[in-house]
Amino acid sequence: DTAVSQTPKYLVTQMGNDKSIKCEQNLGHDTMYWYKQDSKKFLKIMFSYNNKELIINETVPNRFSPKSPDKAHLNLHINSLELGDSAVYFCASSPRQEAYNEQFFGPGTRLTVL
Amino acid sequence: GQSLEQPSEVTAVEGAIVQINCTYQTSGFYGLSWYQQHDGGAPTFLSYNALDGLEETGRFSSFLSRSDSYGYLLLQELQMKDSASYFCAVRDPAGNYQLIWGAGTKLIIKP
């Protein structure tokens, strides 16, 4: 059983398009995250949700909009894609953000914007 | 500003011991974590230190000195499968306990 899953694994699209990445965790965790990892491997938190409520929203363009329909799902929608959005996007989860040390990561979605 | 410094690359020989250092400057501190990431893979949790001292988990150990804002990951009996990037990360209570990440250290292991 996959703990944190993401779809799609690869996404190639043209500039200006809108795309979504889906994330699901079956660990029963309360907190979910979206990270962006650039070509230099730098990991940056984008958003964090705790029980469907947004708790972290880093300086991310408004073109990025997370949606959490329930605490097991955190999807990421990106409007008007730009070349600089090309990166690997990781979803992660943890039981409770303030109390737990380990984050469990999904396999990543490699987004390429042409 | 908030920053974590770690070497960009470390090279070692199979069977040897290697230490990856991490120094941090963050507004708050709630613990230092280490993650491993193989090329094309996802980060996976290795260890966590909240208090000063050494934590050992099999071939891997992690050390923390809060007074020096410093920690390290020690890998013993290196195996080729340990070739990966290693990230240190600090939990910052001032920032909703989010993880502040270092830029990662690429560990290259030679036979």
# chains A, B, ... in the order shown; residues from 1 in each chain; ligands from 1
>>> interface_residues(of="chain A", to="chain B", cutoff="9 Å", atoms="only C-alpha atoms", output="list in words")
Lys40, Lys41, Phe42, Leu43, Lys44, Ile45, Ser48, Ile55, Ile56, Phe90, Gln97, Glu98, Ala99, Asn101, Glu102, Gln103, Phe104, Phe105, Gly106, Pro107 and Gly108 of chain A
>>> atom_distance(atom1="CA of Phe60 (chain B)", atom2="CA of Asp82 (chain B)")
10.4 Å
>>> select_by_dssp(residues="region 28-107 of chain B", states="strand (DSSP E or B)", output="number ranges by chain")
B: 32-37, 44-49, 53-57, 60-65, 70-75, 84-92, 98-101, 105-107
>>> write_last_selection(atoms="C-alpha atoms", output="PDB file, in the first residue's frame")
ATOM      1  CA  LEU B  32      17.304  19.075  13.732  1.00  0.00           C
ATOM      2  CA  SER B  33      16.265  16.410  11.234  1.00  0.00           C
ATOM      3  CA  TRP B  34      18.158  14.555   8.541  1.00  0.00           C
ATOM      4  CA  TYR B  35      16.664  13.237   5.316  1.00  0.00           C
ATOM      5  CA  GLN B  36      18.126  11.102   2.545  1.00  0.00           C
ATOM      6  CA  GLN B  37      17.177  11.518  -1.098  1.00  0.00           C
ATOM      7  CA  THR B  44      13.057   9.916   3.403  1.00  0.00           C
ATOM      8  CA  PHE B  45      13.495  10.573   7.103  1.00  0.00           C
ATOM      9  CA  LEU B  46      16.704   9.365   8.751  1.00  0.00           C
ATOM     10  CA  SER B  47      16.933  10.901  12.210  1.00  0.00           C
ATOM     11  CA  TYR B  48      15.921  13.684  14.571  1.00  0.00           C
ATOM     12  CA  ASN B  49      17.767  15.427  17.428  1.00  0.00           C
ATOM     13  CA  GLY B  53      24.215  14.561  21.990  1.00  0.00           C
ATOM     14  CA  LEU B  54      24.438  11.599  19.707  1.00  0.00           C
ATOM     15  CA  GLU B  55      21.530   9.520  18.409  1.00  0.00           C
ATOM     16  CA  GLU B  56      22.430   6.192  16.821  1.00  0.00           C
ATOM     17  CA  THR B  57      20.351   4.204  14.363  1.00  0.00           C
ATOM     18  CA  PHE B  60      23.817   6.140  10.855  1.00  0.00           C
ATOM     19  CA  SER B  61      24.270   8.493  13.801  1.00  0.00           C
ATOM     20  CA  SER B  62      23.293  12.111  14.230  1.00  0.00           C
ATOM     21  CA  PHE B  63      24.738  14.655  16.625  1.00  0.00           C
ATOM     22  CA  LEU B  64      23.497  18.006  17.882  1.00  0.00           C
ATOM     23  CA  SER B  65      25.079  20.874  19.794  1.00  0.00           C
ATOM     24  CA  TYR B  70      25.612  22.714  14.811  1.00  0.00           C
ATOM     25  CA  GLY B  71      24.893  19.139  14.000  1.00  0.00           C
ATOM     26  CA  TYR B  72      26.242  16.346  11.882  1.00  0.00           C
ATOM     27  CA  LEU B  73      25.232  13.079  10.302  1.00  0.00           C
ATOM     28  CA  LEU B  74      27.735  10.246  10.596  1.00  0.00           C
ATOM     29  CA  LEU B  75      27.558   7.338   8.187  1.00  0.00           C
ATOM     30  CA  ALA B  84      22.490  10.078  -2.279  1.00  0.00           C
ATOM     31  CA  SER B  85      21.837  13.638  -1.205  1.00  0.00           C
ATOM     32  CA  TYR B  86      21.492  14.306   2.505  1.00  0.00           C
ATOM     33  CA  PHE B  87      19.485  17.239   3.832  1.00  0.00           C
ATOM     34  CA  CYS B  88      19.480  18.759   7.280  1.00  0.00           C
ATOM     35  CA  ALA B  89      16.323  20.593   8.333  1.00  0.00           C
ATOM     36  CA  VAL B  90      15.376  22.618  11.404  1.00  0.00           C
ATOM     37  CA  ARG B  91      11.854  22.787  12.829  1.00  0.00           C
ATOM     38  CA  ASP B  92      11.027  26.381  13.579  1.00  0.00           C
ATOM     39  CA  GLN B  98       7.637  24.126   9.402  1.00  0.00           C
ATOM     40  CA  LEU B  99      10.926  22.600   8.340  1.00  0.00           C
ATOM     41  CA  ILE B 100      13.640  24.989   7.174  1.00  0.00           C
ATOM     42  CA  TRP B 101      15.843  22.986   4.815  1.00  0.00           C
ATOM     43  CA  THR B 105      24.968  17.439   0.484  1.00  0.00           C
ATOM     44  CA  LYS B 106      25.599  15.085  -2.394  1.00  0.00           C
ATOM     45  CA  LEU B 107      27.503  12.053  -1.094  1.00  0.00           C
TER      46      LEU B 107
END
>>> closest_residue(among="A:His77, A:Arg96, A:Lys52, A:His29", to="Val4 (chain A)", atoms="only C-alpha atoms")
A:His29
>>> atom_distance(atom1="CA of Gly16 (chain A)", atom2="CA of Val60 (chain A)")
17.1 Å
